[in-house]
Every structure is written in C-alpha cells, then in structure tokens.
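Note: the block below is run_2.cif and it holds mmCIF, C-alpha atoms and all ligand atoms.
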```cif
data_my_file
loop_
_atom_site.label_atom_id
_atom_site.label_comp_id
_atom_site.auth_asym_id
_atom_site.auth_seq_id
_atom_site.Cartn_x
_atom_site.Cartn_y
_atom_site.Cartn_z
CA MET A 142 -5.39 -50.50 60.03
CA LYS A 143 -8.85 -51.82 60.85
CA LYS A 144 -9.84 -54.64 58.54
CA VAL A 145 -7.53 -55.49 55.64
CA ARG A 146 -9.40 -54.56 52.44
CA VAL A 147 -9.05 -57.20 49.75
CA GLY A 148 -9.60 -56.87 46.00
CA LEU A 149 -9.97 -60.25 44.33
CA ILE A 150 -9.20 -60.76 40.64
CA GLY A 151 -10.73 -63.91 39.13
CA LEU A 152 -13.68 -65.75 40.68
CA GLY A 153 -13.23 -69.27 39.34
CA PHE A 154 -12.40 -72.34 41.43
CA MET A 155 -9.56 -70.73 43.38
CA GLY A 156 -11.07 -67.24 43.53
CA SER A 157 -14.36 -68.54 44.96
CA THR A 158 -12.40 -70.63 47.47
CA HIS A 159 -10.48 -67.51 48.56
CA PHE A 160 -13.70 -65.45 48.61
CA ARG A 161 -15.30 -67.84 51.10
CA ILE A 162 -12.17 -67.93 53.27
CA TYR A 163 -11.92 -64.11 53.44
CA ARG A 164 -15.58 -63.97 54.45
CA GLU A 165 -14.68 -66.14 57.48
CA LEU A 166 -11.60 -64.12 58.48
CA PRO A 167 -12.37 -61.49 61.14
CA ASP A 168 -9.54 -59.19 59.96
CA ALA A 169 -10.36 -59.27 56.24
CA GLU A 170 -13.01 -57.60 54.15
CA ILE A 171 -13.61 -58.15 50.43
CA VAL A 172 -14.19 -54.70 48.95
CA ALA A 173 -13.69 -55.34 45.22
CA LEU A 174 -13.90 -58.08 42.63
CA ALA A 175 -12.73 -58.15 39.02
CA ASP A 176 -13.68 -60.84 36.53
CA VAL A 177 -14.14 -60.84 32.77
CA ASP A 178 -17.35 -62.84 33.17
CA PRO A 179 -20.42 -60.74 34.13
CA ARG A 180 -22.10 -63.73 35.82
CA LYS A 181 -19.13 -64.07 38.17
CA ARG A 182 -19.28 -60.33 38.90
CA ALA A 183 -22.88 -60.93 40.02
CA GLY A 184 -21.69 -63.71 42.34
CA ASP A 185 -22.94 -66.56 40.16
CA VAL A 186 -20.37 -69.35 40.55
CA SER A 187 -22.67 -72.16 39.42
CA SER A 188 -20.32 -72.92 36.49
CA VAL A 189 -17.28 -73.37 38.76
CA ILE A 190 -15.89 -76.90 39.12
CA GLY A 191 -12.66 -77.78 40.92
CA ASN A 192 -10.71 -80.98 41.39
CA ILE A 193 -10.30 -80.88 45.18
CA GLY A 194 -12.38 -79.56 48.06
CA ASN A 195 -15.38 -78.79 45.87
CA ALA A 196 -17.82 -76.41 47.51
CA ASP A 197 -21.53 -76.20 46.82
CA ASN A 198 -21.57 -73.54 44.11
CA SER A 199 -25.30 -73.69 43.38
CA GLN A 200 -26.08 -70.53 45.41
CA PRO A 201 -24.64 -67.14 44.36
CA LEU A 202 -21.96 -65.57 46.55
CA ASP A 203 -23.09 -62.56 48.57
CA MET A 204 -21.66 -59.50 46.80
CA THR A 205 -22.96 -56.96 49.30
CA GLY A 206 -20.44 -54.13 49.67
CA VAL A 207 -18.22 -55.46 46.85
CA LYS A 208 -17.34 -53.08 43.98
CA THR A 209 -16.99 -54.89 40.67
CA TYR A 210 -14.64 -54.37 37.73
CA ASP A 211 -14.47 -56.11 34.36
CA ASN A 212 -10.66 -56.17 34.46
CA GLY A 213 -8.00 -56.46 37.11
CA TYR A 214 -6.02 -53.38 36.12
CA ASP A 215 -8.91 -51.07 37.07
CA LEU A 216 -9.32 -52.86 40.41
CA ILE A 217 -5.62 -52.32 41.11
CA LYS A 218 -6.15 -48.54 40.82
CA ASP A 219 -8.89 -48.61 43.49
CA PRO A 220 -7.58 -46.64 46.51
CA ASP A 221 -9.82 -48.65 48.86
CA VAL A 222 -7.91 -51.87 48.15
CA ASP A 223 -4.99 -52.85 50.45
CA VAL A 224 -4.38 -56.41 49.20
CA VAL A 225 -4.76 -57.57 45.60
CA ASP A 226 -5.44 -61.31 45.41
CA ILE A 227 -4.83 -62.73 41.92
CA CYS A 228 -6.72 -65.91 40.93
CA VAL A 229 -6.88 -65.57 37.13
CA PRO A 230 -5.35 -68.08 34.70
CA THR A 231 -1.58 -68.42 35.01
CA PRO A 232 -0.38 -66.42 31.94
CA ASP A 233 -2.05 -63.28 33.33
CA HIS A 234 -0.42 -63.47 36.78
CA ALA A 235 2.80 -61.62 35.93
CA GLY A 236 1.23 -58.49 34.41
CA LEU A 237 -1.20 -58.11 37.30
CA ILE A 238 1.40 -58.84 40.01
CA VAL A 239 3.79 -56.23 38.59
CA ALA A 240 1.00 -53.62 38.18
CA ALA A 241 -0.29 -54.21 41.71
CA LEU A 242 3.17 -54.02 43.30
CA ASP A 243 3.95 -50.87 41.31
CA ALA A 244 0.64 -49.39 42.54
CA GLY A 245 1.79 -49.93 46.14
CA LYS A 246 -0.53 -52.84 46.92
CA HIS A 247 0.22 -55.95 48.92
CA VAL A 248 -0.17 -58.97 46.64
CA PHE A 249 -1.26 -62.55 47.17
CA ALA A 250 -1.10 -64.40 43.84
CA GLU A 251 -1.98 -67.97 43.01
CA LYS A 252 0.63 -70.45 41.86
CA PRO A 253 2.33 -70.95 39.47
CA PHE A 254 3.26 -67.32 40.13
CA ALA A 255 4.47 -67.00 36.52
CA ARG A 256 4.18 -68.96 33.30
CA THR A 257 7.74 -68.38 32.04
CA LEU A 258 11.18 -67.67 33.48
CA ALA A 259 11.13 -64.25 31.75
CA GLN A 260 7.90 -63.37 33.60
CA ALA A 261 9.46 -64.61 36.85
CA ASP A 262 12.32 -62.15 36.33
CA GLU A 263 9.87 -59.27 35.78
CA ILE A 264 8.10 -60.12 39.03
CA LYS A 265 11.40 -60.40 40.88
CA ALA A 266 12.38 -56.90 39.70
CA ALA A 267 8.98 -55.44 40.65
CA TYR A 268 9.15 -57.00 44.11
CA ALA A 269 12.67 -55.65 44.60
CA ARG A 270 11.41 -52.10 44.04
CA ALA A 271 8.21 -52.58 46.07
CA LYS A 272 7.71 -51.68 49.71
CA THR A 273 4.74 -54.02 50.07
CA TYR A 274 4.40 -57.76 50.73
CA LEU A 275 4.11 -60.58 48.20
CA ASN A 276 3.12 -64.20 48.83
CA PHE A 277 2.07 -66.94 46.46
CA GLY A 278 -0.52 -69.69 46.80
CA MET A 279 2.02 -72.41 47.56
CA CYS A 280 -0.64 -73.90 49.80
CA VAL A 281 1.16 -77.20 50.40
CA ARG A 282 3.86 -75.34 52.36
CA SER A 283 1.21 -74.55 54.97
CA TRP A 284 -0.95 -77.67 54.59
CA PRO A 285 -1.00 -79.09 58.15
CA GLU A 286 0.21 -82.65 57.44
CA TYR A 287 3.07 -81.54 55.16
CA ARG A 288 4.00 -78.75 57.56
CA TYR A 289 4.15 -81.09 60.56
CA ALA A 290 6.33 -83.56 58.65
CA TRP A 291 8.57 -80.71 57.44
CA GLU A 292 9.03 -79.31 60.96
CA GLN A 293 9.87 -82.74 62.39
CA TYR A 294 12.14 -83.75 59.52
CA THR A 295 14.08 -80.49 59.44
CA SER A 296 14.48 -80.56 63.24
CA GLY A 297 16.30 -83.89 62.78
CA ALA A 298 13.70 -85.95 64.71
CA TYR A 299 13.49 -88.68 62.04
CA GLY A 300 17.20 -88.82 61.22
CA LYS A 301 18.74 -88.88 57.77
CA LEU A 302 16.66 -89.32 54.64
CA ARG A 303 16.62 -92.67 52.85
CA SER A 304 13.78 -92.25 50.37
CA ALA A 305 10.79 -90.05 49.71
CA THR A 306 7.81 -90.18 47.44
CA PHE A 307 5.16 -87.52 46.82
CA ARG A 308 1.95 -87.88 44.81
CA ARG A 309 -0.58 -85.42 43.45
CA LEU A 310 -3.10 -87.22 41.30
CA SER A 311 -6.19 -85.45 40.06
CA PRO A 312 -9.08 -86.60 37.93
CA SER A 313 -9.20 -84.92 34.52
CA ILE A 314 -10.30 -81.29 34.64
CA ALA A 315 -10.82 -81.07 30.86
CA GLY A 316 -13.80 -78.82 30.15
CA ASN A 317 -14.16 -77.73 33.80
CA ASN A 318 -12.67 -74.25 33.67
CA TRP A 319 -13.03 -70.83 32.07
CA ASP A 320 -12.19 -71.14 28.36
CA ASP A 321 -10.80 -74.66 29.12
CA TRP A 322 -7.47 -72.88 29.62
CA PHE A 323 -5.82 -75.66 31.64
CA MET A 324 -5.92 -77.95 28.58
CA ASP A 325 -3.77 -75.51 26.59
CA GLY A 326 -0.19 -76.25 27.58
CA LYS A 327 1.05 -72.82 26.51
CA ARG A 328 -1.28 -71.25 29.04
CA SER A 329 -1.25 -73.71 31.96
CA GLY A 330 2.08 -75.54 31.63
CA GLY A 331 0.16 -78.80 31.96
CA ALA A 332 -0.06 -80.99 35.04
CA LEU A 333 3.73 -80.67 35.30
CA LEU A 334 3.66 -76.97 36.11
CA ASP A 335 0.18 -76.68 37.52
CA MET A 336 0.00 -79.62 39.93
CA HIS A 337 3.34 -81.39 40.15
CA LEU A 338 4.90 -77.98 40.98
CA HIS A 339 3.65 -78.38 44.57
CA ASP A 340 5.58 -81.62 45.07
CA THR A 341 8.69 -80.34 43.29
CA ASP A 342 8.55 -77.41 45.69
CA GLN A 343 8.11 -79.75 48.67
CA VAL A 344 11.11 -81.85 47.61
CA ARG A 345 13.28 -78.72 47.47
CA TYR A 346 11.80 -77.37 50.70
CA PHE A 347 12.44 -80.61 52.61
CA PHE A 348 15.73 -81.78 51.12
CA GLY A 349 17.28 -78.78 49.41
CA ARG A 350 18.02 -78.19 45.75
CA PRO A 351 18.67 -81.48 43.90
CA LYS A 352 21.74 -81.82 41.67
CA ALA A 353 19.61 -82.88 38.71
CA VAL A 354 16.23 -84.21 37.64
CA THR A 355 15.04 -86.93 35.32
CA SER A 356 11.38 -86.63 34.36
CA VAL A 357 9.21 -88.77 32.13
CA GLY A 358 5.78 -87.67 31.04
CA VAL A 359 2.72 -88.35 28.94
CA THR A 360 2.08 -85.38 26.66
CA GLY A 361 -1.34 -84.74 25.13
CA GLY A 362 -3.08 -87.48 27.14
CA VAL A 363 -6.17 -85.39 27.89
CA SER A 364 -4.92 -81.92 26.96
CA LYS A 365 -3.99 -80.55 23.56
CA ASP A 366 -0.25 -80.45 24.00
CA ALA A 367 0.73 -80.41 27.68
CA VAL A 368 2.35 -82.90 30.04
CA ASP A 369 -0.68 -84.54 31.64
CA HIS A 370 1.17 -87.12 33.74
CA VAL A 371 4.73 -86.85 35.01
CA ILE A 372 7.14 -88.77 37.22
CA THR A 373 10.35 -87.09 38.35
CA PHE A 374 13.43 -88.56 39.98
CA PHE A 375 15.27 -85.91 41.97
CA HIS A 376 18.97 -86.78 41.95
CA TYR A 377 20.90 -85.94 45.09
CA ASP A 378 23.62 -88.45 44.17
CA ASP A 379 23.96 -89.48 47.82
CA GLY A 380 22.27 -92.89 47.85
CA THR A 381 18.75 -91.57 48.48
CA VAL A 382 15.77 -92.08 46.18
CA VAL A 383 13.45 -89.09 45.92
CA GLU A 384 10.59 -89.21 43.47
CA ALA A 385 7.26 -87.48 42.78
CA GLU A 386 4.31 -88.13 40.50
CA GLY A 387 1.71 -85.67 39.25
CA SER A 388 -1.26 -86.22 37.00
CA TRP A 389 -4.62 -84.95 35.81
CA MET A 390 -5.18 -87.75 33.34
CA ALA A 391 -7.53 -90.19 35.12
CA PRO A 392 -11.29 -90.26 34.42
CA LYS A 393 -13.38 -87.60 36.12
CA THR A 394 -14.84 -90.11 38.59
CA THR A 395 -11.38 -90.89 40.04
CA PRO A 396 -10.84 -89.44 43.54
CA PHE A 397 -8.20 -86.74 44.05
CA GLU A 398 -5.09 -87.93 45.90
CA MET A 399 -2.39 -85.93 47.63
CA SER A 400 0.00 -88.08 49.61
CA PHE A 401 3.57 -88.64 50.67
CA GLN A 402 5.88 -91.13 52.38
CA ILE A 403 9.28 -90.17 53.74
CA ILE A 404 11.52 -92.97 55.00
CA CYS A 405 14.33 -91.86 57.30
CA GLU A 406 16.91 -93.59 59.47
CA LYS A 407 14.73 -93.56 62.60
CA ALA A 408 11.16 -93.28 61.34
CA THR A 409 8.84 -93.19 58.37
CA VAL A 410 6.25 -90.43 58.14
CA ARG A 411 3.42 -90.85 55.73
CA TRP A 412 0.09 -89.32 54.76
CA MET A 413 -1.79 -91.83 52.68
CA ALA A 414 -5.17 -93.53 52.47
CA ASP A 415 -4.64 -95.06 55.95
CA GLY A 416 -4.22 -91.61 57.50
CA PHE A 417 -1.38 -89.47 58.78
CA LYS A 418 1.09 -91.58 60.77
CA VAL A 419 4.66 -91.85 61.94
CA PHE A 420 6.09 -95.37 62.10
CA TRP A 421 9.15 -95.46 64.35
CA ASN A 422 11.82 -98.10 63.88
CA ASP A 423 11.35 -99.11 67.55
CA GLY A 424 7.77 -100.21 66.79
CA ARG A 425 5.84 -97.16 68.01
CA VAL A 426 3.14 -95.88 65.66
CA GLU A 427 2.13 -92.27 66.21
CA THR A 428 -0.91 -90.46 64.84
CA PRO A 429 0.07 -86.78 65.04
CA GLN A 430 -2.81 -84.40 65.72
CA VAL A 431 -2.78 -81.53 63.27
CA ALA A 432 -5.32 -78.77 62.71
CA ALA A 433 -8.32 -79.93 60.68
CA THR A 434 -7.99 -77.21 58.07
CA THR A 435 -6.46 -76.63 54.66
CA GLY A 436 -3.29 -74.90 53.52
CA TRP A 437 -5.52 -72.37 51.72
CA HIS A 438 -7.06 -71.25 55.02
CA VAL A 439 -3.70 -71.16 56.81
CA GLU A 440 -1.88 -69.17 54.10
CA LEU A 441 -4.58 -66.51 53.70
CA ALA A 442 -5.12 -66.05 57.45
CA TYR A 443 -1.34 -65.70 57.86
CA PHE A 444 -0.96 -63.18 55.00
CA ILE A 445 -3.85 -61.02 56.27
CA ASP A 446 -2.36 -61.10 59.76
CA CYS A 447 1.05 -60.00 58.43
CA VAL A 448 -0.44 -57.13 56.42
CA LYS A 449 -2.54 -55.98 59.37
CA ASN A 450 0.39 -56.03 61.76
CA GLY A 451 3.21 -54.99 59.43
CA ILE A 452 5.10 -58.29 59.67
CA LEU A 453 7.12 -59.58 56.69
CA PRO A 454 5.27 -62.77 55.58
CA ASP A 455 8.22 -65.14 55.40
CA LYS A 456 7.12 -68.00 57.65
CA TYR A 457 6.17 -70.35 54.80
CA GLN A 458 7.99 -68.88 51.83
CA THR A 459 10.42 -66.34 50.51
CA PHE A 460 10.32 -65.13 46.93
CA ASP A 461 13.63 -66.77 46.13
CA SER A 462 12.63 -70.14 47.56
CA VAL A 463 9.49 -70.25 45.39
CA LEU A 464 11.49 -69.10 42.36
CA ASP A 465 14.00 -71.88 43.03
CA GLY A 466 11.26 -74.54 42.84
CA PHE A 467 9.88 -72.91 39.67
CA LYS A 468 13.29 -73.23 38.03
CA ILE A 469 13.36 -76.94 38.87
CA ASN A 470 9.97 -77.25 37.12
CA ALA A 471 11.58 -75.76 34.01
CA ALA A 472 14.34 -78.38 34.23
CA GLU A 473 11.71 -81.12 34.57
CA GLN A 474 9.98 -79.92 31.39
CA GLN A 475 13.34 -79.93 29.63
CA SER A 476 13.96 -83.49 30.82
CA VAL A 477 10.57 -84.66 29.51
CA ASP A 478 11.28 -82.96 26.17
CA THR A 479 14.81 -84.34 25.76
CA GLY A 480 14.53 -87.69 27.54
CA LYS A 481 17.70 -86.82 29.46
CA ARG A 482 18.80 -86.11 33.02
CA VAL A 483 18.97 -82.31 33.39
CA GLU A 484 21.47 -80.72 35.79
CA ILE A 485 20.07 -77.93 37.97
CA ARG A 486 22.24 -74.90 37.21
CA TYR A 487 21.59 -71.31 38.22
N1 LIG B 1 -3.29 -73.47 45.07
C1 LIG B 1 -4.13 -74.36 44.58
O1 LIG B 1 -4.40 -75.38 45.19
C2 LIG B 1 -4.81 -74.08 43.26
C3 LIG B 1 -5.89 -74.88 42.84
C4 LIG B 1 -6.50 -74.56 41.64
C5 LIG B 1 -6.04 -73.51 40.85
N2 LIG B 1 -4.98 -72.78 41.28
C6 LIG B 1 -4.46 -71.67 40.46
O2 LIG B 1 -5.38 -70.59 40.51
C7 LIG B 1 -5.42 -69.91 39.26
C8 LIG B 1 -6.85 -69.88 38.76
O3 LIG B 1 -7.28 -71.23 38.55
P1 LIG B 1 -8.82 -71.63 38.66
O4 LIG B 1 -8.88 -73.11 38.80
O5 LIG B 1 -9.53 -70.80 39.66
O6 LIG B 1 -9.32 -71.21 37.18
P2 LIG B 1 -10.80 -70.94 36.68
O7 LIG B 1 -10.78 -71.12 35.22
O8 LIG B 1 -11.77 -71.76 37.50
O9 LIG B 1 -11.06 -69.41 37.07
C9 LIG B 1 -10.46 -68.33 36.39
C10 LIG B 1 -11.36 -67.11 36.60
O10 LIG B 1 -10.68 -65.96 36.09
C11 LIG B 1 -11.55 -65.23 35.24
N3 LIG B 1 -10.68 -64.56 34.28
C12 LIG B 1 -10.02 -65.09 33.23
N4 LIG B 1 -9.17 -64.21 32.70
C13 LIG B 1 -9.30 -63.07 33.42
C14 LIG B 1 -8.69 -61.80 33.38
N5 LIG B 1 -7.72 -61.51 32.48
N6 LIG B 1 -9.09 -60.85 34.26
C15 LIG B 1 -10.06 -61.10 35.17
N7 LIG B 1 -10.67 -62.31 35.26
C16 LIG B 1 -10.28 -63.28 34.42
C17 LIG B 1 -12.52 -66.25 34.66
O11 LIG B 1 -13.75 -65.67 34.27
C18 LIG B 1 -12.70 -67.19 35.86
O12 LIG B 1 -13.73 -66.74 36.72
C19 LIG B 1 -4.46 -70.65 38.33
O13 LIG B 1 -3.23 -70.02 38.27
C20 LIG B 1 -4.34 -72.03 38.99
O14 LIG B 1 -3.12 -72.65 38.71
C21 LIG B 1 -4.37 -73.03 42.45
#
```

This entry written out as structure tokens:
Amino acid sequence: MKKVRVGLIGLGFMGSTHFRIYRELPDAEIVALADVDPRKRAGDVSSVIGNIGNADNSQPLDMTGVKTYDNGYDLIKDPDVDVVDICVPTPDHAGLIVAALDAGKHVFAEKPFARTLAQADEIKAAYARAKTYLNFGMCVRSWPEYRYAWEQYTSGAYGKLRSATFRRLSPSIAGNNWDDWFMDGKRSGGALLDMHLHDTDQVRYFFGRPKAVTSVGVTGGVSKDAVDHVITFFHYDDGTVVEAEGSWMAPKTTPFEMSFQIICEKATVRWMADGFKVFWNDGRVETPQVAATTGWHVELAYFIDCVKNGILPDKYQTFDSVLDGFKINAAEQQSVDTGKRVEIRY
C-alpha cells in the first residue's frame, strides 16, 4: 500500500482537527469527506468552535483532491477509501461504524464509540465478523503525560497506589456545535459520557476495574437534561481513594483543564498547573521529558502506521478494554440517577 487513503465523515471540531493531522502525516492522504453541511464540504470551518486546542478556523481547509459526499453511507461505498474516520455526533457513530466494517474498511471512530450499550453490542458483533482494524478516539490513552505516568506506574516504579485524582474541566460549549447537539443529553450523554469518560477510562486502565462507583452530578446546569458536572468515587475497597471530576458547566471564559495526581508508596506523579512532575519520597523532584504533541496526533499516526504495515493496532487499546470503561460510565449514570453506590457487574 502506498499512502493510506482516508475518508472523513463529519468536519466539525474533531473532524477538522483530524483533517489537519492527516495533512501532516506522510503516509496518509484524505481522499473523501462527508458532511451534511454544504459549507463544511467546501472546506469552510469558520463556524467550528472547540473547547481545547482551538485552531484558527478563519481560513477554509484545502479540499484539493477530496471527493465530497452529503452523507457518510455513500462515502463508505467509495472503493478509493481504505480508512473511514468517523467524527459525527455520537448517536450516529454505531450505524456508520457497522456499515464501514461490513464494507471491509478500516475504521477510526471518535469517542464515545457508541451512545448506548445496545449500540456497543452491535459494534462488537460487527467487529467480530470484520477482517479490518478498529480503533476509537480514546486520545488520553496516548496523551504523552498520561502515557508516561501509566508506563511508570504499571511497571511498578512508583509502588502501590494510595490515592488518585483526575480532572477534566471544560468551559461551557453550549451553542458551539452543529445543531447544539451536545446540550441534548439523549444525543451526547452529557459531560458524564462525553468528557468524564476519558478519566473513567484512565482509572480502569491504570488500576483495573473498580468494584463499584458512586457518582454525584448536576443535571441540567447548562444543558437541557444532561449531567453537566460529575464527581465519581471509584471503589476498590482496598483502602485507596480514587476519584475523578468532569464538567462543562463553567462560563465560556474559563480555561480548559485536564490534570491528574497519583500518590503512590514511593512517589507522586502529577500533571497540573505547575507542570508535569514526579515527587519522590526521598526528596528528588523529576520533570520527565515527554513529546510535545497531543494524543490526537499520536493515535492517528499510530493507526495509519498499523494499517499501512498490516499490524493489529492494540498498543493503546483493545475493543474490550474500551467497552469495559464504557460500561463503567453506564454505572456512573445509574449512580447519579439513583443516588446509590452501583456495583460493577458484567
Ligand atoms: N477525542 C476528543 O478529544 C474529542 C473532542 C471533541 C469531540 N469529540 C467527539 O467527536 C465527535 C464529534 O464532535 P465535534 O465536537 O466535532 O462535533 P461538531 O458538532 O463540532 O461536528 C459534527 C460535524 O458532523 C456533521 N454532521 C452531523 N451529523 C452528520 C451526519 N449524520 N453525517 C455527516 N455529517 C454529519 C456536522 O455538520 C458537523 O460538521 C463526538 O462524538 C465527540 O464526542 C472527541
């Protein structure tokens, strides 16, 4: 295979971020784009606003050599497409993922990979019958600071866990997106599913599946009916305290924050406003050098490399590990709704 030919579905905040990354990757080529909005199909992303890593969207994207479609299902049929990258609103992920896998395409789909557990099952079945690769935009798995901490922690360098806290706090995105779909809980799953999912996934990835969760949330704070701010306690029932907080409720002028602190027997690793540091119990303070890039760049470069070279893309994720985190999100929503600790049962 020469260059990996990508067909992108959805050119909003995430789609335009992916578009720019593919343009930088020597082994990738964007050959097709589908979007319901004709301005996006012409490369006009001036209406796109994100909550993190905002690019200058004032100039149109260069659509030279890119075929355009007004819906993703037609793009999926295009024989010139090797990889289908799905960046549409969450409820539409499942249908497109299943269609693309069934059409024999490799698929990279944004998170949350599904909106409901029933959709997750449909995707699982489609992936089981597919011979192609599937990865999801669980970008925090490959975000350099989180990845470094994960590698060190899981190698045993810091010793046993005592406590951990993860934060993902966004300014409000009300009114920022196509059809304001994030503010409709039925479509987005609120900040609980859309943002906090990353930290729930990190907790499981670092420390394994918790026994239970207790979550408290503010519902309908800025959205119609969704959890806009959530705090979860992950119960391991072993004397540790593991907790995460996610929000998109603060005023639009509030800076975005993604941060964590993990206290272990021998050291504390943290990425906070004072930088990325490891504080050892013996007094040493380390500033690990990690690549100055984003998890978005790392995950897409990795996936393209795997497709090009026929390597199963399982360095950062397996389907089942992402599904596992997604099921914990469902338990968190249940805990918010009932006010009770919810056991994690599969
Ligand atoms: N990994 C991350 O860090 C991250 C960050 C932001 C968003 N996301 C995820 O990416 C996905 C997209 O979010 P976004 O912020 O880019 O949304 P957005 O509203 O900015 O963009 C959605 C785009 O899809 C188009 N669209 C809508 N329905 C469509 C359809 N059926 N077919 C084709 N095009 C369609 C819209 O015109 C728009 O261009 C969501 O699932 C979101 O959760 C991930």

Return as a ChimeraX atom specification the residues of protein, DNA or RNA that approach ligand LIG 1 (chain B) to within 8 Å, with all atoms listed in the file taken into account. /A:150-157,175-178,181,189-193,211-213,227-234,251-254,278-281,317-323,329,335-336,437

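Distance annotation: of A:Asp185, A:Asp340, A:Asp197, A:Glu484, the residue with the minimal separation from Ser400 in chain A is A:Asp340; atom set is all atoms listed in the file.
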
Residue among A:Ala255, A:Ala240, A:Val172, A:Ile314 lying closest to Thr394 in chain A, counting all atoms listed in the file: A:Ile314

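Among the candidates A:Ala391, A:Ala433, A:Met399, A:Val383, the one nearest to Leu302 in chain A when counting all atoms listed in the file is A:Val383.
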
Go through A:Thr257, A:Asn470, A:Thr395, A:Ser313 one by one, measure the shortest atom-to-atom distance of each to Phe375 in chain A using all atoms listed in the file, and give the residue with the smallest value.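 Looking at the shortest contact to Phe375 in chain A, the residue is A:Asn470.
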
Leaving out Ser476 in chain A and any residue of its chain fewer than 4 positions from it, which residues lie within 10 Å of it when counting only C-alpha atoms, given as a list in words? Ala353, Val354, Thr355, Ser356, Val357, Gly358, Thr373, Asn470, Ala471, Ala472, Gly480, Lys481, Arg482, Val483 and Glu484 of chain A

Go ahead and compute the interatomic distance for CA of Val225 in chain A and CA of Glu286 in chain A, in Å to one decimal. 28.2 Å

Which polymer residues, protein or nucleic acid, are no farther than 7 Å from (-10.9, -53.0, 48.9), counting only C-alpha atoms, as an NGL selection string? :A and (146-148 or 171-173 or 221-223)

Could you write out that same residue set with C-alpha atoms as a JSON list (two decimals), keeping the file's coordinate frame?
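Saved the output as result_25.json:
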```json
[["chain", "number", "residue", "atom", "x", "y", "z"],
["A", 146, "ARG", "CA", -9.40, -54.56, 52.44],
["A", 147, "VAL", "CA", -9.05, -57.20, 49.75],
["A", 148, "GLY", "CA", -9.60, -56.87, 46.00],
["A", 171, "ILE", "CA", -13.61, -58.15, 50.43],
["A", 172, "VAL", "CA", -14.19, -54.70, 48.95],
["A", 173, "ALA", "CA", -13.69, -55.34, 45.22],
["A", 221, "ASP", "CA", -9.82, -48.65, 48.86],
["A", 222, "VAL", "CA", -7.91, -51.87, 48.15],
["A", 223, "ASP", "CA", -4.99, -52.85, 50.45]]
```

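Of the listed residues (A:Gln458, A:Pro351, A:Ala442, A:Cys405), A:Pro351 comes nearest to Asp378 in chain A; the distances count all atoms listed in the file.
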
Could you tell me which of A:Val248, A:Val363, A:Val431, A:Ile403 comes closest to Gly316 in chain A if we count all atoms listed in the file?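 Looking at the shortest contact to Gly316 in chain A, the residue is A:Val363.
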
Which polymer residues have any atom within 12 Å of an atom of Gly424 in chain A, counting all atoms listed in the file, with same-chain residues fewer than 5 positions away left out, as a ChimeraX atom specification? /A:407-409,419

I'd like the neighbourhood of Leu338 in chain A as a VMD selection string, where a residue qualifies if any of its atoms comes within 9 Å (using only C-alpha atoms), though same-chain residues fewer than 5 positions away should be ignored. chain A and resid 252 to 253 332 to 333 343 387 466 to 467 469 to 470

Using only C-alpha atoms, determine which residues lie at most 6 Å from Ala241 in chain A, disregarding the query and same-chain residues fewer than 4 positions distant; provide the list as a ChimeraX atom specification. /A:217,237,246

Keeping C-alpha atoms, export the residues of the selection given above as a PDB file, in the frame of the given file.
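Result went into out.pdb, see below:
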```
ATOM      1  CA  ILE A 217      -5.620 -52.320  41.110  1.00  0.00           C
ATOM      2  CA  LEU A 237      -1.200 -58.110  37.300  1.00  0.00           C
ATOM      3  CA  LYS A 246      -0.530 -52.840  46.920  1.00  0.00           C
TER       4      LYS A 246
END
```

How far is it from CA of Asp226 in chain A to CA of Ala267 in chain A, in Å with one decimal? 16.3 Å

Between CA of Ala250 in chain A and CA of Asn276 in chain A, what distance in Å does the model show, to one decimal?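 Atom-to-atom, CA of Ala250 in chain A to CA of Asn276 in chain A, that is 6.5 Å.
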
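Residues near the point (-9.6, -67.6, 61.0), at a distance of 8 Å or less over all atoms listed in the file, make up Glu165, Leu166, Pro167, His438 and Ala442 of chain A.
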
Can you report as JSON the centre and edge lengths in Å, to one decimal, of an axis-aligned box around the listed atoms of range 417-424 of chain A padded with 8 Å on each side?
```
{"center_x": 5.2, "center_y": -94.8, "center_z": 63.2, "size_x": 29.2, "size_y": 26.7, "size_z": 24.8}
```

For Val410 in chain A, find every residue with an atom within 7 Å (counting all atoms listed in the file), except residues of its own chain fewer than 3 positions away, and show them as a count of residues only. 7
